[in-house]
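Structure file work_23.cif with mmCIF, C-alpha atoms:
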```
data_entry
loop_
_atom_site.label_atom_id
_atom_site.label_comp_id
_atom_site.auth_asym_id
_atom_site.auth_seq_id
_atom_site.Cartn_x
_atom_site.Cartn_y
_atom_site.Cartn_z
CA MET A 1 -14.59 -88.02 16.30
CA ASN A 2 -13.30 -89.38 19.59
CA LYS A 3 -12.42 -87.30 22.60
CA ARG A 4 -8.69 -87.24 21.79
CA GLN A 5 -9.33 -86.01 18.25
CA MET A 6 -11.64 -83.24 19.56
CA ILE A 7 -8.96 -82.00 21.97
CA SER A 8 -6.33 -82.01 19.19
CA ALA A 9 -8.61 -79.99 16.89
CA ALA A 10 -9.30 -77.45 19.62
CA LEU A 11 -5.59 -76.97 20.30
CA ALA A 12 -4.92 -76.46 16.59
CA VAL A 13 -7.59 -73.74 16.32
CA SER A 14 -6.20 -72.03 19.43
CA ALA A 15 -2.70 -72.00 17.96
CA VAL A 16 -3.94 -70.42 14.70
CA LEU A 17 -5.81 -67.70 16.58
CA THR A 18 -2.78 -66.96 18.73
CA LEU A 19 -0.49 -66.67 15.67
CA THR A 20 -2.97 -64.37 13.91
CA ALA A 21 -3.19 -62.14 16.96
CA CYS A 22 0.60 -61.91 17.16
CA GLN A 23 0.89 -61.00 13.48
CA THR A 24 -1.80 -58.32 13.83
CA GLY A 25 -0.01 -56.86 16.83
CA GLU A 26 3.30 -56.76 14.93
CA GLU A 27 1.66 -54.96 11.99
CA SER A 28 0.06 -52.40 14.32
CA SER A 29 3.40 -51.86 15.99
CA SER A 30 5.07 -51.33 12.62
CA GLN A 31 2.43 -48.79 11.50
CA GLY A 32 2.77 -47.01 14.80
CA ASN A 33 6.28 -45.89 13.79
CA ILE A 34 4.68 -43.31 11.44
CA PRO A 35 4.25 -40.02 13.38
CA ALA A 36 0.67 -38.95 13.90
CA GLY A 37 -0.76 -35.54 13.01
CA VAL A 38 -1.16 -33.17 10.05
CA ALA A 39 2.10 -32.46 8.21
CA VAL A 40 2.96 -28.73 8.34
CA GLN A 41 5.86 -26.40 7.72
CA VAL A 42 6.65 -23.64 10.19
CA THR A 43 8.80 -20.56 10.55
CA GLU A 44 9.80 -18.60 13.61
CA VAL A 45 8.01 -15.29 14.20
CA VAL A 46 10.56 -12.46 14.00
CA ARG A 47 10.79 -8.69 14.29
CA GLU A 48 12.03 -6.56 11.40
CA THR A 49 11.33 -3.37 9.44
CA ILE A 50 8.48 -3.38 6.93
CA SER A 51 7.43 -0.77 4.39
CA ALA A 52 4.07 -0.56 2.69
CA GLU A 53 4.20 -0.79 -1.08
CA ASN A 54 2.05 1.01 -3.62
CA LYS A 55 2.54 -0.46 -7.09
CA VAL A 56 1.76 1.70 -10.13
CA SER A 57 2.24 0.87 -13.81
CA GLY A 58 3.90 3.29 -16.19
CA LYS A 59 6.05 3.52 -19.30
CA VAL A 60 9.74 3.85 -20.01
CA VAL A 61 10.65 7.10 -21.79
CA ALA A 62 13.94 8.48 -23.05
CA ASP A 63 15.64 11.32 -21.23
CA GLY A 64 16.05 13.83 -24.05
CA GLN A 65 16.23 17.58 -24.43
CA GLU A 66 14.02 19.40 -21.93
CA SER A 67 13.01 23.04 -21.59
CA VAL A 68 12.67 24.39 -18.06
CA TYR A 69 9.79 26.85 -17.70
CA VAL A 70 8.49 28.92 -14.79
CA ALA A 71 4.89 30.04 -15.29
CA ALA A 72 5.46 33.52 -13.86
CA ASN A 73 7.39 36.71 -14.48
CA ALA A 74 9.91 36.89 -11.65
CA GLN A 75 13.21 38.57 -10.88
CA CYS A 76 16.32 36.40 -10.85
CA THR A 77 18.44 36.97 -7.73
CA ALA A 78 21.21 34.45 -8.38
CA VAL A 79 22.51 32.23 -11.21
CA TYR A 80 24.57 29.11 -10.59
CA VAL A 81 25.34 27.74 -14.06
CA ASP A 82 26.37 28.94 -17.50
CA ALA A 83 25.44 27.73 -20.94
CA GLY A 84 27.62 24.72 -21.72
CA ASP A 85 27.81 23.53 -18.10
CA SER A 86 26.85 20.00 -17.11
CA VAL A 87 24.13 19.67 -14.49
CA THR A 88 22.59 16.78 -12.62
CA ALA A 89 18.91 16.26 -11.94
CA GLY A 90 17.93 18.28 -8.85
CA GLU A 91 20.78 20.77 -9.19
CA LYS A 92 20.00 24.50 -8.79
CA ILE A 93 20.02 26.58 -11.98
CA CYS A 94 19.06 29.95 -10.52
CA THR A 95 17.05 31.57 -7.71
CA LEU A 96 13.93 33.63 -8.29
CA ASP A 97 12.23 36.20 -6.09
CA ILE A 98 8.86 34.45 -5.81
CA ALA A 99 8.38 34.68 -2.06
CA SER A 100 4.87 36.06 -2.50
CA THR A 101 3.90 33.19 -4.81
CA LEU A 102 5.32 30.63 -2.40
CA SER A 103 3.48 32.29 0.47
CA SER A 104 0.23 32.26 -1.51
CA TYR A 105 0.74 28.62 -2.43
CA ASN A 106 1.40 27.60 1.19
CA ALA A 107 -1.62 29.57 2.42
CA ALA A 108 -3.84 28.06 -0.28
CA ASN A 109 -2.60 24.58 0.52
CA ILE A 110 -3.32 25.10 4.24
CA SER A 111 -6.82 26.33 3.39
CA TYR A 112 -7.40 23.32 1.16
CA GLN A 113 -6.18 20.86 3.80
CA SER A 114 -8.37 22.58 6.41
CA ALA A 115 -11.40 22.38 4.10
CA LEU A 116 -10.67 18.72 3.39
CA GLN A 117 -10.41 17.95 7.11
CA SER A 118 -13.66 19.83 7.80
CA TYR A 119 -15.40 17.83 5.07
CA GLN A 120 -14.15 14.53 6.50
CA ASP A 121 -15.10 15.51 10.07
CA GLN A 122 -18.61 16.57 9.06
CA GLU A 123 -19.06 13.41 7.02
CA ALA A 124 -18.10 11.29 10.04
CA ILE A 125 -20.55 13.16 12.27
CA PHE A 126 -23.41 12.76 9.81
CA ASP A 127 -22.62 9.06 9.37
CA LYS A 128 -22.91 8.57 13.13
CA GLN A 129 -26.16 10.55 13.28
CA ILE A 130 -27.65 8.53 10.44
CA ALA A 131 -26.54 5.25 11.98
CA LEU A 132 -28.13 6.26 15.29
CA ALA A 133 -31.36 7.31 13.54
CA GLU A 134 -31.47 4.00 11.65
CA LYS A 135 -30.96 2.05 14.86
CA ASN A 136 -33.70 4.02 16.62
CA LEU A 137 -36.09 3.35 13.74
CA ASN A 138 -35.31 -0.38 13.69
CA ASP A 139 -35.74 -0.60 17.47
CA LEU A 140 -39.13 1.10 17.27
CA LYS A 141 -40.23 -1.25 14.51
CA ALA A 142 -39.29 -4.21 16.69
CA LEU A 143 -41.24 -2.71 19.61
CA PHE A 144 -44.20 -2.05 17.32
CA GLU A 145 -44.35 -5.74 16.46
CA ILE A 146 -44.96 -6.57 20.11
CA GLY A 147 -47.29 -3.65 20.71
CA ALA A 148 -44.79 -1.55 22.70
CA ALA A 149 -44.53 1.37 20.22
CA SER A 150 -46.98 3.37 18.12
CA GLN A 151 -47.09 4.09 14.42
CA ALA A 152 -46.67 7.78 15.22
CA GLU A 153 -43.35 7.06 16.91
CA ILE A 154 -42.20 5.11 13.86
CA ASP A 155 -43.25 7.95 11.53
CA SER A 156 -41.32 10.43 13.68
CA ALA A 157 -38.22 8.22 13.63
CA GLU A 158 -38.41 7.89 9.83
CA LEU A 159 -38.66 11.67 9.54
CA ASN A 160 -35.57 12.11 11.74
CA LEU A 161 -33.65 9.67 9.55
CA MET A 162 -34.68 11.44 6.34
CA THR A 163 -33.76 14.82 7.86
CA ALA A 164 -30.28 13.56 8.84
CA GLN A 165 -29.72 12.14 5.35
CA ALA A 166 -30.86 15.36 3.68
CA SER A 167 -28.67 17.48 5.97
CA LYS A 168 -25.67 15.34 5.12
CA THR A 169 -26.23 15.70 1.38
CA SER A 170 -26.77 19.47 1.56
CA THR A 171 -23.94 20.29 3.98
CA LEU A 172 -21.36 18.09 2.27
CA ALA A 173 -22.26 19.54 -1.13
CA GLN A 174 -21.52 23.05 0.18
CA LEU A 175 -18.29 21.93 1.82
CA GLU A 176 -17.18 20.13 -1.31
CA ALA A 177 -17.77 23.22 -3.44
CA GLY A 178 -15.54 25.25 -1.13
CA MET A 179 -12.96 22.48 -0.99
CA GLN A 180 -12.79 22.24 -4.80
CA SER A 181 -12.34 25.99 -5.02
CA TYR A 182 -9.34 25.84 -2.67
CA LYS A 183 -7.98 22.85 -4.57
CA SER A 184 -8.24 24.67 -7.89
CA ASN A 185 -6.33 27.61 -6.40
CA VAL A 186 -3.62 25.28 -5.12
CA GLU A 187 -3.26 23.61 -8.52
CA GLN A 188 -3.07 26.95 -10.29
CA LEU A 189 -0.30 28.18 -8.00
CA ALA A 190 1.42 24.80 -8.20
CA SER A 191 1.69 25.14 -11.96
CA VAL A 192 3.63 28.37 -11.39
CA LEU A 193 6.02 26.52 -9.11
CA GLU A 194 6.72 23.67 -11.49
CA ASN A 195 10.51 23.05 -11.43
CA VAL A 196 10.86 25.43 -8.44
CA ASP A 197 11.65 24.24 -4.90
CA SER A 198 10.49 25.73 -1.59
CA GLY A 199 13.41 28.15 -1.58
CA GLY A 200 12.57 29.67 -4.95
CA ASN A 201 15.37 27.77 -6.70
CA VAL A 202 14.79 26.62 -10.27
CA ILE A 203 15.79 22.94 -10.32
CA ALA A 204 17.18 20.96 -13.25
CA PRO A 205 14.61 18.23 -13.99
CA ILE A 206 17.14 16.04 -15.82
CA SER A 207 20.87 15.53 -15.97
CA GLY A 208 22.70 16.83 -19.04
CA THR A 209 24.25 19.89 -20.63
CA VAL A 210 22.77 23.41 -20.45
CA ILE A 211 22.57 24.39 -24.11
CA SER A 212 20.79 27.72 -23.51
CA LEU A 213 20.20 29.94 -20.49
CA ASN A 214 17.76 32.86 -20.26
CA ALA A 215 18.47 33.87 -16.68
CA ALA A 216 20.77 36.63 -15.49
CA GLU A 217 21.17 38.04 -12.01
CA GLY A 218 18.95 41.10 -11.54
CA SER A 219 16.91 40.49 -14.69
CA TYR A 220 13.45 38.99 -15.04
CA VAL A 221 12.49 35.61 -16.43
CA SER A 222 9.33 35.34 -18.50
CA ALA A 223 6.61 32.70 -18.47
CA SER A 224 6.82 32.61 -22.28
CA MET A 225 10.54 31.77 -22.43
CA PRO A 226 12.31 28.74 -20.91
CA VAL A 227 14.70 29.60 -18.10
CA ALA A 228 17.04 26.98 -19.52
CA VAL A 229 17.18 24.20 -22.08
CA ILE A 230 19.00 21.03 -21.06
CA ASP A 231 20.23 18.35 -23.44
CA GLY A 232 19.74 15.15 -21.44
CA VAL A 233 22.27 12.36 -21.23
CA ASP A 234 21.45 9.09 -22.95
CA THR A 235 19.49 7.47 -20.12
CA MET A 236 16.00 6.14 -19.55
CA LYS A 237 13.33 7.06 -17.01
CA VAL A 238 9.87 5.81 -16.04
CA GLU A 239 6.81 8.02 -15.88
CA VAL A 240 3.81 6.95 -13.80
CA SER A 241 0.55 8.63 -12.78
CA VAL A 242 -0.45 8.51 -9.12
CA SER A 243 -3.45 9.64 -7.09
CA GLU A 244 -3.52 12.65 -4.78
CA ALA A 245 -3.72 10.28 -1.80
CA LEU A 246 -0.22 8.97 -2.57
CA ILE A 247 1.45 12.27 -3.47
CA PRO A 248 1.97 13.52 0.15
CA LYS A 249 3.88 10.32 0.94
CA LEU A 250 6.43 10.80 -1.87
CA ALA A 251 9.49 13.01 -2.03
CA GLN A 252 12.14 13.77 -4.59
CA GLY A 253 15.12 11.46 -4.05
CA ASP A 254 13.10 8.57 -2.57
CA GLU A 255 14.16 5.10 -3.73
CA VAL A 256 11.61 2.92 -5.52
CA ASP A 257 11.54 -0.61 -6.90
CA ILE A 258 11.18 -0.97 -10.68
CA SER A 259 10.04 -4.13 -12.44
CA ILE A 260 10.23 -4.50 -16.24
CA SER A 261 8.43 -7.77 -16.93
CA SER A 262 9.23 -7.92 -20.67
CA LEU A 263 12.94 -8.12 -19.82
CA GLY A 264 12.57 -10.00 -16.54
CA VAL A 265 14.45 -7.18 -14.81
CA GLU A 266 14.12 -5.94 -11.22
CA THR A 267 16.06 -2.79 -10.33
CA VAL A 268 16.04 0.24 -8.05
CA GLY A 269 15.28 3.78 -9.17
CA THR A 270 14.97 7.25 -7.66
CA ILE A 271 12.12 9.74 -7.76
CA LYS A 272 13.43 12.56 -9.93
CA SER A 273 10.43 14.85 -10.04
CA ILE A 274 6.84 15.09 -8.85
CA GLN A 275 4.34 17.09 -10.85
CA ARG A 276 2.79 19.80 -8.71
CA SER A 277 -0.54 19.95 -10.54
CA ALA A 278 -2.88 17.14 -11.57
CA ASN A 279 -3.80 16.28 -15.12
CA ALA A 280 -7.05 18.09 -15.93
CA GLN A 281 -8.68 14.96 -17.36
CA THR A 282 -7.36 12.12 -15.20
CA LYS A 283 -6.88 14.11 -11.95
CA LEU A 284 -3.62 12.18 -11.50
CA TYR A 285 -0.09 13.48 -10.86
CA THR A 286 2.90 12.49 -12.98
CA VAL A 287 5.91 11.14 -11.08
CA THR A 288 9.16 10.68 -12.96
CA VAL A 289 11.58 8.00 -11.78
CA SER A 290 15.18 7.73 -12.95
CA ILE A 291 16.58 4.27 -13.64
CA GLY A 292 19.82 3.79 -11.76
CA GLU A 293 21.60 1.42 -14.15
CA ASP A 294 22.08 0.67 -17.83
CA ILE A 295 19.74 -2.17 -18.77
CA GLU A 296 20.44 -4.11 -21.94
CA GLY A 297 17.48 -4.20 -24.31
CA LEU A 298 15.57 -1.43 -22.51
CA LEU A 299 13.56 0.63 -24.99
CA ALA A 300 11.30 3.65 -24.72
CA GLY A 301 7.65 2.62 -24.65
CA MET A 302 8.14 -0.53 -22.59
CA PHE A 303 5.83 -1.03 -19.63
CA ALA A 304 7.28 -0.88 -16.11
CA ASP A 305 5.83 -1.35 -12.63
CA VAL A 306 7.02 1.07 -9.94
CA SER A 307 6.59 0.14 -6.27
CA PHE A 308 6.72 3.14 -3.94
CA ARG A 309 7.84 2.44 -0.36
CA THR A 310 5.65 4.68 1.73
CA ASP A 311 4.75 4.07 5.39
CA THR A 312 7.39 2.21 7.39
CA SER A 313 7.16 0.29 10.67
CA VAL A 314 10.39 -0.48 12.55
CA ASP A 315 10.91 -3.46 14.88
CA ALA A 316 7.55 -4.90 13.97
CA ILE A 317 6.26 -8.47 14.10
CA VAL A 318 6.41 -9.52 10.44
CA ILE A 319 5.18 -12.81 8.95
CA PRO A 320 4.68 -14.26 5.45
CA SER A 321 1.34 -13.02 4.11
CA GLN A 322 0.48 -16.54 2.93
CA ALA A 323 0.23 -17.73 6.55
CA ILE A 324 -2.78 -15.49 7.22
CA GLN A 325 -6.28 -16.87 6.69
CA THR A 326 -9.60 -15.03 6.75
CA SER A 327 -13.06 -16.19 7.77
CA ASN A 328 -16.08 -13.94 8.29
CA ASN A 329 -13.80 -10.88 8.14
CA VAL A 330 -11.64 -12.31 10.95
CA GLN A 331 -7.95 -12.85 10.24
CA TYR A 332 -6.15 -15.71 11.95
CA VAL A 333 -3.11 -17.96 11.87
CA PHE A 334 -2.05 -21.24 13.42
CA VAL A 335 0.97 -21.64 15.70
CA VAL A 336 2.47 -24.89 16.94
CA GLU A 337 2.79 -25.56 20.66
CA GLU A 338 4.02 -29.00 21.79
CA ASN A 339 3.08 -30.61 18.45
CA THR A 340 -0.43 -29.16 18.65
CA ALA A 341 -2.00 -26.55 16.35
CA ARG A 342 -3.33 -23.47 18.12
CA TYR A 343 -5.77 -21.07 16.43
CA GLN A 344 -4.69 -17.45 16.92
CA GLN A 345 -6.69 -14.41 15.81
CA VAL A 346 -4.48 -11.56 14.59
CA GLU A 347 -4.71 -7.92 13.58
CA THR A 348 -2.62 -6.71 10.66
CA GLY A 349 -0.86 -3.48 9.73
CA LEU A 350 1.41 -2.69 6.80
CA SER A 351 1.80 -5.15 3.95
CA GLY A 352 4.32 -5.39 1.14
CA ASN A 353 6.77 -7.64 -0.69
CA GLY A 354 4.98 -10.82 0.40
CA VAL A 355 5.02 -10.08 4.13
CA THR A 356 2.55 -8.49 6.54
CA GLU A 357 2.92 -6.65 9.84
CA ILE A 358 1.06 -8.18 12.80
CA THR A 359 -0.03 -5.52 15.28
CA SER A 360 -1.77 -7.91 17.67
CA GLY A 361 -1.97 -11.65 18.28
CA LEU A 362 1.58 -12.97 17.87
CA GLU A 363 4.84 -12.77 19.79
CA GLU A 364 8.43 -13.05 18.66
CA GLY A 365 9.77 -16.61 18.72
CA GLN A 366 6.48 -18.45 18.20
CA GLN A 367 6.36 -21.28 15.65
CA LEU A 368 4.06 -20.09 12.86
CA VAL A 369 2.47 -22.53 10.39
CA THR A 370 3.22 -21.39 6.84
CA VAL A 371 2.23 -24.51 4.88
CA GLY A 372 -0.66 -26.81 5.73
CA GLN A 373 -2.67 -24.30 7.74
CA ALA A 374 -5.71 -24.71 5.49
CA TYR A 375 -6.15 -28.28 6.80
CA LEU A 376 -5.94 -27.40 10.49
CA SER A 377 -8.41 -26.87 13.30
CA ASP A 378 -7.63 -25.67 16.79
CA GLY A 379 -6.14 -28.53 18.85
CA ASP A 380 -5.15 -30.76 15.95
CA ALA A 381 -2.02 -32.85 16.35
CA VAL A 382 0.69 -31.80 13.89
CA ARG A 383 4.09 -33.01 12.74
CA ILE A 384 6.62 -30.51 11.45
CA VAL A 385 8.27 -31.38 8.15
CA SER A 386 10.99 -29.61 6.18
CA GLY A 387 10.28 -27.68 3.03
CA GLU A 388 12.36 -29.99 0.84
CA GLY A 389 10.69 -32.38 -1.58
#
```

Full structure transcribed into structure tokens:
Amino acid sequence: MNKRQMISAALAVSAVLTLTACQTGEESSSQGNIPAGVAVQVTEVVRETISAENKVSGKVVADGQESVYVAANAQCTAVYVDAGDSVTAGEKICTLDIASTLSSYNAANISYQSALQSYQDQEAIFDKQIALAEKNLNDLKALFEIGAASQAEIDSAELNLMTAQASKTSTLAQLEAGMQSYKSNVEQLASVLENVDSGGNVIAPISGTVISLNAAEGSYVSASMPVAVIDGVDTMKVEVSVSEALIPKLAQGDEVDISISSLGVETVGTIKSIQRSANAQTKLYTVTVSIGEDIEGLLAGMFADVSFRTDTSVDAIVIPSQAIQTSNNVQYVFVVEENTARYQQVETGLSGNGVTEITSGLEEGQQLVTVGQAYLSDGDAVRIVSGEG
């Protein structure tokens, strides 16, 4: 190959390399049009009212004829209905002179609550004492390993721990015995006050027609005879059993959410009555909920879920529960700031209906990641996408 041919070949190779470089640059430029970062969906942090929910399963029952008993012999001071009258659930039938029973019930309930509080306070004190004794023992064992503590000191610390544990068991057993005695007294008096309100008024447990009435002003009602018998209207209700922890948070007339999965129905009901004494076997209280509408296909015996709205927080930071992640017992979320994911530890409060209250860690107006957060780390670049498709 002569000199001219060598120059021509070199120019040809240079041209090919230049063209290849240009094509590569164009492809890189084209790919660069795709936004960088993890695709996420976000929502704005807002303030609203949230109520905690306690869901309990129960059964649908028919509202039929019901006898209204009062488990005491008491004088009737006023009568508000006659046989044949229509009444609604919660309406007064008559008033009884049971002031002494009500006073005894209130006093017993106060004693029970005081005993319960004393038990809880003592338990907390013992738990702290035991924790301190355990820490002292562990510290001495660590010092013993390096020759800075004696076996006698360890033995003494072990004895202190055992003494604290034994004192807790003995003291709490005595307190529990007293507490159960007060509780039994409360339940016994509560059974007397079934269907009676705080004013001594006998309350109709269901809506319907009074078909018999055994109450007259100035006369006495007997524990062996129903004060009244009510023929209920053709409606349905739900009965559920709840724990004693939930009972103080419920009141007659409260609205509840009812879900009947077999019919795919969601509706709202009202607490019609709350049993004053617990079932002897289950230790649970029966709560009866009226169904506020006629539901086609609803039959007695069907299962229903009742969600009680208990504690409420107003003007709270509320976010979708799905946005919250947990690691090593720490709850956290991701927010977006200038197309960058920021890790944010949070503390939570009430939770219900798919949302959770945030008591610390977020502010109104922040952009919260609701989809894609599982793929994020603090500082990652993100691109916000819509929820469609």

Open item on the list: Report, in Å to a single decimal, how far apart atom CA of Leu193 of chain A and atom CA of Thr101 of chain A are.
Closed with: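 About the pair atom CA of Thr101 of chain A and atom CA of Leu193 of chain A: they are 8.2 Å apart.
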
Task: Residue among A:Val355, A:Met162, A:Ile319, A:Val306 lying closest to Val46 of chain A, counting all atoms listed in the file - done: A:Ile319

Open item on the list: Can you tell me which residues surround Thr286 of chain A at a distance of at most 12 Å, considering all atoms listed in the file, apart from same-chain residues fewer than 6 positions away, and format the answer as a PyMOL selection string?
Closed with: chain A and resi 56-59+194+238-244+246-247+250+271-280

TODO: Mind checking which residues fall within 9 Å of Ser313 of chain A, counting only C-alpha atoms, ignoring those fewer than 6 positions away in the same chain, and posting them as a PyMOL selection string?
DONE: chain A and resi 48-52+349-350+357

Task: d(atom CA of Val196 of chain A, atom CA of Asn106 of chain A) in Å - done: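 The value is 13.7 Å.
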
- [ ] For the point (18.0, 25.3, -18.2) in the file's frame, write as JSON, numbers by chain all residues with an atom no more than 10 Å away, counting all atoms listed in the file.
- [x] {"A": [66, 67, 68, 69, 81, 82, 83, 85, 87, 92, 93, 94, 202, 203, 204, 205, 206, 208, 209, 210, 211, 212, 213, 214, 215, 226, 227, 228, 229, 230, 231]}

Task: Reference answer for the PyMOL selection byres ((chain A and resi 317) around 8), as an NGL selection string - done: :A and (45-48 or 315-316 or 318-319 or 357-359 or 362-364)

Open item on the list: Residue by residue, what does the PyMOL selection byres ((chain A and resi 114-123) around 10) grab here? Present the result as a ChimeraX atom specification.
Closed with: /A:108-113,124-129,168-169,171-183

- [ ] May I have the residues within 12 Å of Ile130 of chain A as a ChimeraX atom specification, using all atoms listed in the file and disregarding those fewer than 6 positions away in the same chain?
- [x] /A:123-124,136-137,157-169

Based on the selection just made, write C-alpha atoms of those residues as a PDB file, keeping the file's coordinate frame.
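File produced: again.pdb:
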```
ATOM      1  CA  GLU A 123     -19.060  13.410   7.020  1.00  0.00           C
ATOM      2  CA  ALA A 124     -18.100  11.290  10.040  1.00  0.00           C
ATOM      3  CA  ASN A 136     -33.700   4.020  16.620  1.00  0.00           C
ATOM      4  CA  LEU A 137     -36.090   3.350  13.740  1.00  0.00           C
ATOM      5  CA  ALA A 157     -38.220   8.220  13.630  1.00  0.00           C
ATOM      6  CA  GLU A 158     -38.410   7.890   9.830  1.00  0.00           C
ATOM      7  CA  LEU A 159     -38.660  11.670   9.540  1.00  0.00           C
ATOM      8  CA  ASN A 160     -35.570  12.110  11.740  1.00  0.00           C
ATOM      9  CA  LEU A 161     -33.650   9.670   9.550  1.00  0.00           C
ATOM     10  CA  MET A 162     -34.680  11.440   6.340  1.00  0.00           C
ATOM     11  CA  THR A 163     -33.760  14.820   7.860  1.00  0.00           C
ATOM     12  CA  ALA A 164     -30.280  13.560   8.840  1.00  0.00           C
ATOM     13  CA  GLN A 165     -29.720  12.140   5.350  1.00  0.00           C
ATOM     14  CA  ALA A 166     -30.860  15.360   3.680  1.00  0.00           C
ATOM     15  CA  SER A 167     -28.670  17.480   5.970  1.00  0.00           C
ATOM     16  CA  LYS A 168     -25.670  15.340   5.120  1.00  0.00           C
ATOM     17  CA  THR A 169     -26.230  15.700   1.380  1.00  0.00           C
TER      18      THR A 169
END
```

Open item on the list: I'd like the contact shell of Gly200 of chain A - 7 Å cut-off, all atoms listed in the file, skipping same-chain residues fewer than 5 positions apart - returned as a list in words.
Closed with: Thr95, Leu96, Asp97 and Ile98 of chain A

- [ ] Report as a PyMOL selection string the residues that result from applying the PyMOL selection byres ((chain A and resi 252-261) around 6) to the structure here.
- [x] chain A and resi 251+262-273+304-308

Open item on the list: Using all atoms listed in the file for the distances, tell me which of A:Thr326, A:Gly372, A:Leu189, A:Gln366 is nearest to Glu347 of chain A.
Closed with: A:Thr326

Open item on the list: Using all atoms listed in the file, can you tell me which of A:Glu91, A:Glu337, A:Asp380, A:Glu53 comes closest to Ser207 of chain A?
Closed with: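 Closest to Ser207 of chain A, using all atoms listed in the file: A:Glu91.
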
Task: One-decimal distance in Å that lies between atom CA of Asn328 of chain A and atom CA of Gly365 of chain A - done: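 Between atom CA of Gly365 of chain A and atom CA of Asn328 of chain A the gap works out to 28.0 Å.
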
Task: Nearest residue to Met236 of chain A from the set A:Leu284, A:Val346, A:Ala190, A:Leu299 (distances using only C-alpha atoms) - done: A:Leu299

Edge lengths and centre in Å to one decimal, as JSON, is what I'm after for the box along x, y and z that holds all listed atoms of segment 244-252 of chain A once 6 Å is added on each side.
```
{"center_x": 4.2, "center_y": 11.4, "center_z": -1.9, "size_x": 27.9, "size_y": 16.8, "size_z": 17.7}
```
